[in-house]
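Data block for final29.txt (compact mmCIF, N, CA and C atoms):
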# COMPACT_ATOMS: atom_id res chain seq x y z
N MET A 747 -17.23 1.00 7.86
CA MET A 747 -15.88 1.39 8.23
C MET A 747 -14.89 0.54 7.43
N SER A 748 -13.81 1.14 7.03
CA SER A 748 -12.80 0.41 6.27
C SER A 748 -11.97 -0.48 7.20
N LYS A 749 -11.31 -1.49 6.66
CA LYS A 749 -10.46 -2.36 7.47
C LYS A 749 -9.31 -1.58 8.09
N ILE A 750 -8.78 -0.61 7.37
CA ILE A 750 -7.70 0.21 7.92
C ILE A 750 -8.21 0.98 9.13
N ALA A 751 -9.38 1.58 9.03
CA ALA A 751 -9.95 2.32 10.15
C ALA A 751 -10.27 1.39 11.32
N GLU A 752 -10.74 0.19 11.03
CA GLU A 752 -11.02 -0.77 12.09
C GLU A 752 -9.75 -1.16 12.82
N ARG A 753 -8.66 -1.41 12.07
CA ARG A 753 -7.39 -1.81 12.68
C ARG A 753 -6.78 -0.70 13.53
N THR A 754 -6.83 0.51 13.02
CA THR A 754 -6.15 1.62 13.71
C THR A 754 -7.06 2.34 14.70
N GLY A 755 -8.37 2.20 14.54
CA GLY A 755 -9.30 2.88 15.43
C GLY A 755 -9.51 4.35 15.10
N VAL A 756 -8.98 4.78 13.96
CA VAL A 756 -9.14 6.18 13.55
C VAL A 756 -9.42 6.24 12.05
N ILE A 757 -10.00 7.34 11.65
CA ILE A 757 -10.13 7.61 10.22
C ILE A 757 -8.87 8.35 9.83
N TRP A 758 -7.93 7.61 9.31
CA TRP A 758 -6.60 8.15 9.04
C TRP A 758 -6.56 8.79 7.67
N THR A 759 -6.15 10.03 7.62
CA THR A 759 -5.99 10.74 6.36
C THR A 759 -4.54 11.23 6.27
N PRO A 760 -3.68 10.40 5.74
CA PRO A 760 -2.26 10.78 5.67
C PRO A 760 -2.03 11.93 4.70
N ASP A 761 -0.92 12.63 4.91
CA ASP A 761 -0.54 13.70 3.99
C ASP A 761 -0.23 13.15 2.61
N ASP A 762 0.27 11.92 2.56
CA ASP A 762 0.64 11.27 1.31
C ASP A 762 -0.10 9.95 1.22
N PRO A 763 -0.92 9.73 0.18
CA PRO A 763 -1.65 8.47 0.07
C PRO A 763 -0.74 7.25 0.02
N LEU A 764 0.51 7.43 -0.34
CA LEU A 764 1.45 6.31 -0.36
C LEU A 764 1.60 5.70 1.04
N ASP A 765 1.37 6.51 2.07
CA ASP A 765 1.48 6.01 3.44
C ASP A 765 0.51 4.86 3.71
N LEU A 766 -0.57 4.78 2.96
CA LEU A 766 -1.52 3.68 3.11
C LEU A 766 -1.05 2.41 2.40
N LEU A 767 -0.09 2.54 1.51
CA LEU A 767 0.38 1.40 0.72
C LEU A 767 1.80 0.95 1.06
N CYS A 768 2.59 1.80 1.66
CA CYS A 768 4.01 1.50 1.81
C CYS A 768 4.26 0.39 2.83
N VAL A 769 5.38 -0.25 2.65
CA VAL A 769 5.82 -1.31 3.55
C VAL A 769 7.15 -0.88 4.16
N ASP A 770 7.51 -1.54 5.26
CA ASP A 770 8.81 -1.28 5.86
C ASP A 770 9.41 -2.59 6.33
N VAL A 771 10.68 -2.55 6.64
CA VAL A 771 11.39 -3.71 7.16
C VAL A 771 12.12 -3.29 8.43
N ASP A 772 12.49 -4.26 9.24
CA ASP A 772 13.20 -3.90 10.47
C ASP A 772 14.70 -3.79 10.21
N GLY A 773 15.41 -3.37 11.22
CA GLY A 773 16.84 -3.14 11.09
C GLY A 773 17.65 -4.40 10.86
N ASN A 774 17.07 -5.56 11.10
CA ASN A 774 17.78 -6.83 10.91
C ASN A 774 17.51 -7.46 9.55
N CYS A 775 16.95 -6.70 8.65
CA CYS A 775 16.58 -7.25 7.34
C CYS A 775 17.82 -7.51 6.49
N SER A 776 17.64 -8.37 5.53
CA SER A 776 18.71 -8.64 4.58
C SER A 776 18.73 -7.55 3.51
N GLU A 777 19.79 -7.52 2.73
CA GLU A 777 19.89 -6.55 1.64
C GLU A 777 18.77 -6.76 0.63
N SER A 778 18.42 -8.04 0.35
CA SER A 778 17.35 -8.30 -0.62
C SER A 778 15.99 -7.85 -0.08
N GLU A 779 15.76 -8.00 1.23
CA GLU A 779 14.52 -7.51 1.81
C GLU A 779 14.45 -5.98 1.74
N PHE A 780 15.57 -5.33 2.00
CA PHE A 780 15.62 -3.87 1.93
C PHE A 780 15.34 -3.39 0.50
N GLN A 781 15.97 -4.04 -0.48
CA GLN A 781 15.75 -3.67 -1.88
C GLN A 781 14.31 -3.95 -2.30
N GLY A 782 13.72 -5.03 -1.78
CA GLY A 782 12.32 -5.34 -2.05
C GLY A 782 11.40 -4.26 -1.51
N MET A 783 11.70 -3.76 -0.29
CA MET A 783 10.91 -2.69 0.30
C MET A 783 10.95 -1.45 -0.60
N ILE A 784 12.13 -1.10 -1.06
CA ILE A 784 12.27 0.07 -1.93
C ILE A 784 11.47 -0.13 -3.22
N ALA A 785 11.57 -1.31 -3.81
CA ALA A 785 10.86 -1.60 -5.06
C ALA A 785 9.35 -1.56 -4.87
N ILE A 786 8.86 -2.12 -3.78
CA ILE A 786 7.42 -2.13 -3.50
C ILE A 786 6.91 -0.71 -3.30
N ASN A 787 7.63 0.08 -2.53
CA ASN A 787 7.20 1.46 -2.27
C ASN A 787 7.26 2.31 -3.53
N GLN A 788 8.26 2.07 -4.38
CA GLN A 788 8.33 2.80 -5.64
C GLN A 788 7.18 2.40 -6.55
N ALA A 789 6.84 1.11 -6.54
CA ALA A 789 5.71 0.64 -7.35
C ALA A 789 4.41 1.30 -6.88
N GLY A 790 4.25 1.46 -5.56
CA GLY A 790 3.07 2.15 -5.04
C GLY A 790 3.01 3.58 -5.53
N ARG A 791 4.13 4.26 -5.48
CA ARG A 791 4.18 5.65 -5.96
C ARG A 791 3.88 5.69 -7.46
N ASP A 792 4.48 4.76 -8.21
CA ASP A 792 4.25 4.73 -9.66
C ASP A 792 2.78 4.48 -9.99
N TRP A 793 2.12 3.63 -9.22
CA TRP A 793 0.70 3.36 -9.46
C TRP A 793 -0.13 4.60 -9.13
N LEU A 794 0.15 5.21 -8.00
CA LEU A 794 -0.62 6.38 -7.58
C LEU A 794 -0.45 7.56 -8.54
N THR A 795 0.69 7.65 -9.20
CA THR A 795 0.93 8.75 -10.13
C THR A 795 0.62 8.38 -11.57
N GLY A 796 0.14 7.16 -11.81
CA GLY A 796 -0.26 6.75 -13.14
C GLY A 796 0.86 6.29 -14.05
N LYS A 797 2.05 6.06 -13.49
CA LYS A 797 3.16 5.58 -14.31
C LYS A 797 3.03 4.10 -14.65
N ILE A 798 2.35 3.35 -13.77
CA ILE A 798 2.05 1.94 -14.06
C ILE A 798 0.57 1.72 -13.76
N ASN A 799 0.01 0.68 -14.36
CA ASN A 799 -1.40 0.39 -14.11
C ASN A 799 -1.54 -0.58 -12.93
N ILE A 800 -2.75 -0.84 -12.54
CA ILE A 800 -3.02 -1.68 -11.37
C ILE A 800 -2.48 -3.10 -11.54
N THR A 801 -2.54 -3.63 -12.75
CA THR A 801 -2.03 -4.98 -13.00
C THR A 801 -0.53 -5.05 -12.77
N GLU A 802 0.19 -4.05 -13.27
CA GLU A 802 1.64 -4.01 -13.07
C GLU A 802 1.97 -3.87 -11.58
N TYR A 803 1.21 -3.05 -10.89
CA TYR A 803 1.43 -2.87 -9.46
C TYR A 803 1.22 -4.19 -8.70
N LEU A 804 0.11 -4.85 -8.98
CA LEU A 804 -0.17 -6.13 -8.31
C LEU A 804 0.89 -7.18 -8.66
N ASP A 805 1.34 -7.19 -9.89
CA ASP A 805 2.41 -8.11 -10.29
C ASP A 805 3.67 -7.87 -9.48
N LYS A 806 4.02 -6.61 -9.27
CA LYS A 806 5.22 -6.30 -8.48
C LYS A 806 5.04 -6.73 -7.03
N LEU A 807 3.87 -6.52 -6.47
CA LEU A 807 3.62 -6.97 -5.10
C LEU A 807 3.79 -8.48 -4.99
N GLU A 808 3.22 -9.19 -5.93
CA GLU A 808 3.36 -10.65 -5.93
C GLU A 808 4.81 -11.07 -6.10
N TYR A 809 5.52 -10.44 -6.99
CA TYR A 809 6.92 -10.77 -7.26
C TYR A 809 7.75 -10.63 -5.99
N TYR A 810 7.49 -9.61 -5.20
CA TYR A 810 8.26 -9.38 -3.99
C TYR A 810 7.67 -10.06 -2.75
N GLY A 811 6.74 -10.97 -2.97
CA GLY A 811 6.26 -11.83 -1.89
C GLY A 811 5.20 -11.26 -0.99
N ILE A 812 4.49 -10.23 -1.44
CA ILE A 812 3.40 -9.69 -0.64
C ILE A 812 2.20 -10.62 -0.77
N PRO A 813 1.75 -11.19 0.35
CA PRO A 813 0.59 -12.08 0.27
C PRO A 813 -0.69 -11.29 0.03
N ASN A 814 -1.56 -11.83 -0.76
CA ASN A 814 -2.88 -11.24 -1.03
C ASN A 814 -2.80 -9.79 -1.52
N PRO A 815 -2.10 -9.54 -2.62
CA PRO A 815 -1.99 -8.14 -3.08
C PRO A 815 -3.33 -7.51 -3.41
N PHE A 816 -4.31 -8.31 -3.87
CA PHE A 816 -5.63 -7.76 -4.16
C PHE A 816 -6.27 -7.22 -2.89
N GLU A 817 -6.04 -7.89 -1.78
CA GLU A 817 -6.61 -7.46 -0.50
C GLU A 817 -6.05 -6.10 -0.09
N ILE A 818 -4.76 -5.90 -0.30
CA ILE A 818 -4.14 -4.62 0.05
C ILE A 818 -4.77 -3.49 -0.75
N VAL A 819 -4.93 -3.70 -2.04
CA VAL A 819 -5.51 -2.67 -2.89
C VAL A 819 -6.98 -2.46 -2.54
N ASP A 820 -7.70 -3.53 -2.22
CA ASP A 820 -9.10 -3.38 -1.80
C ASP A 820 -9.18 -2.58 -0.50
N ASP A 821 -8.30 -2.87 0.47
CA ASP A 821 -8.28 -2.12 1.73
C ASP A 821 -8.01 -0.64 1.46
N PHE A 822 -7.07 -0.37 0.57
CA PHE A 822 -6.73 1.01 0.22
C PHE A 822 -7.95 1.71 -0.38
N ALA A 823 -8.58 1.06 -1.36
CA ALA A 823 -9.74 1.66 -2.03
C ALA A 823 -10.90 1.86 -1.05
N ASP A 824 -11.14 0.87 -0.18
CA ASP A 824 -12.21 1.00 0.81
C ASP A 824 -11.95 2.16 1.76
N HIS A 825 -10.70 2.32 2.18
CA HIS A 825 -10.38 3.39 3.12
C HIS A 825 -10.53 4.76 2.45
N VAL A 826 -10.08 4.86 1.22
CA VAL A 826 -10.22 6.13 0.49
C VAL A 826 -11.70 6.46 0.34
N ASP A 827 -12.51 5.48 -0.04
CA ASP A 827 -13.96 5.70 -0.16
C ASP A 827 -14.56 6.12 1.19
N PHE A 828 -14.12 5.45 2.26
CA PHE A 828 -14.63 5.75 3.60
C PHE A 828 -14.29 7.18 4.00
N VAL A 829 -13.05 7.59 3.78
CA VAL A 829 -12.64 8.95 4.13
C VAL A 829 -13.43 9.97 3.31
N ILE A 830 -13.58 9.71 2.02
CA ILE A 830 -14.32 10.64 1.16
C ILE A 830 -15.78 10.76 1.62
N SER A 831 -16.38 9.65 2.00
CA SER A 831 -17.78 9.68 2.40
C SER A 831 -18.00 10.38 3.74
N HIS A 832 -16.94 10.50 4.55
CA HIS A 832 -17.06 11.17 5.85
C HIS A 832 -16.40 12.54 5.87
N ALA A 833 -16.03 13.04 4.70
CA ALA A 833 -15.37 14.35 4.65
C ALA A 833 -16.38 15.48 4.64

Will you turn the file into structure tokens for me?
Amino acid sequence: MSKIAERTGVIWTPDDPLDLLCVDVDGNCSESEFQGMIAINQAGRDWLTGKINITEYLDKLEYYGIPNPFEIVDDFADHVDFVISHA
């Protein structure tokens, strides 16, 4: 089972794979946190559509303060593999 499936208790198959990568902020966030969220989510979309490579994506995650960016991508890949294997 993937870590995402373990955390949520379901085999989640979102309509948009970006939903597995996107981040959000709360309503009390600063302008820089809000802009960081937009940049991170755009980087995820760019990676999924092939506009940037995995190294560029991980660099952007690190730049915007995402801890353990390799772990996020590993979780994503594991979950995709898990869903495919149970389809």

Seminar exercise, completed: Among A:Leu804, A:Gly790, A:Lys797, A:Ile818, Pro763 (chain A) is approached most closely, using only N, CA and C atoms, by A:Gly790

For this session: State, in Å with one decimal place, the distance from atom C of Pro815 (chain A) to atom C of Leu767 (chain A).
Result: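 These atoms are spaced 10.9 Å apart.
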
Problem set entry | Residue set, chain A restricted to helix (DSSP H, G or I), as a PyMOL selection string | chain A and resi 749-754+763-766+777-794+800-809+815-831

For this session: Please indicate the distance in Å from CA of Leu764 (chain A) to atom C of Phe822 (chain A), rounded to one decimal place.
Result: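 Between CA of Leu764 (chain A) and atom C of Phe822 (chain A) the gap works out to 10.5 Å.
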
Problem set entry | Distance of CA of Asp827 (chain A) from CA of Asn787 (chain A), expressed in Å to one decimal place |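 So the two atoms, CA of Asn787 (chain A) and CA of Asp827 (chain A), lie 21.7 Å apart.
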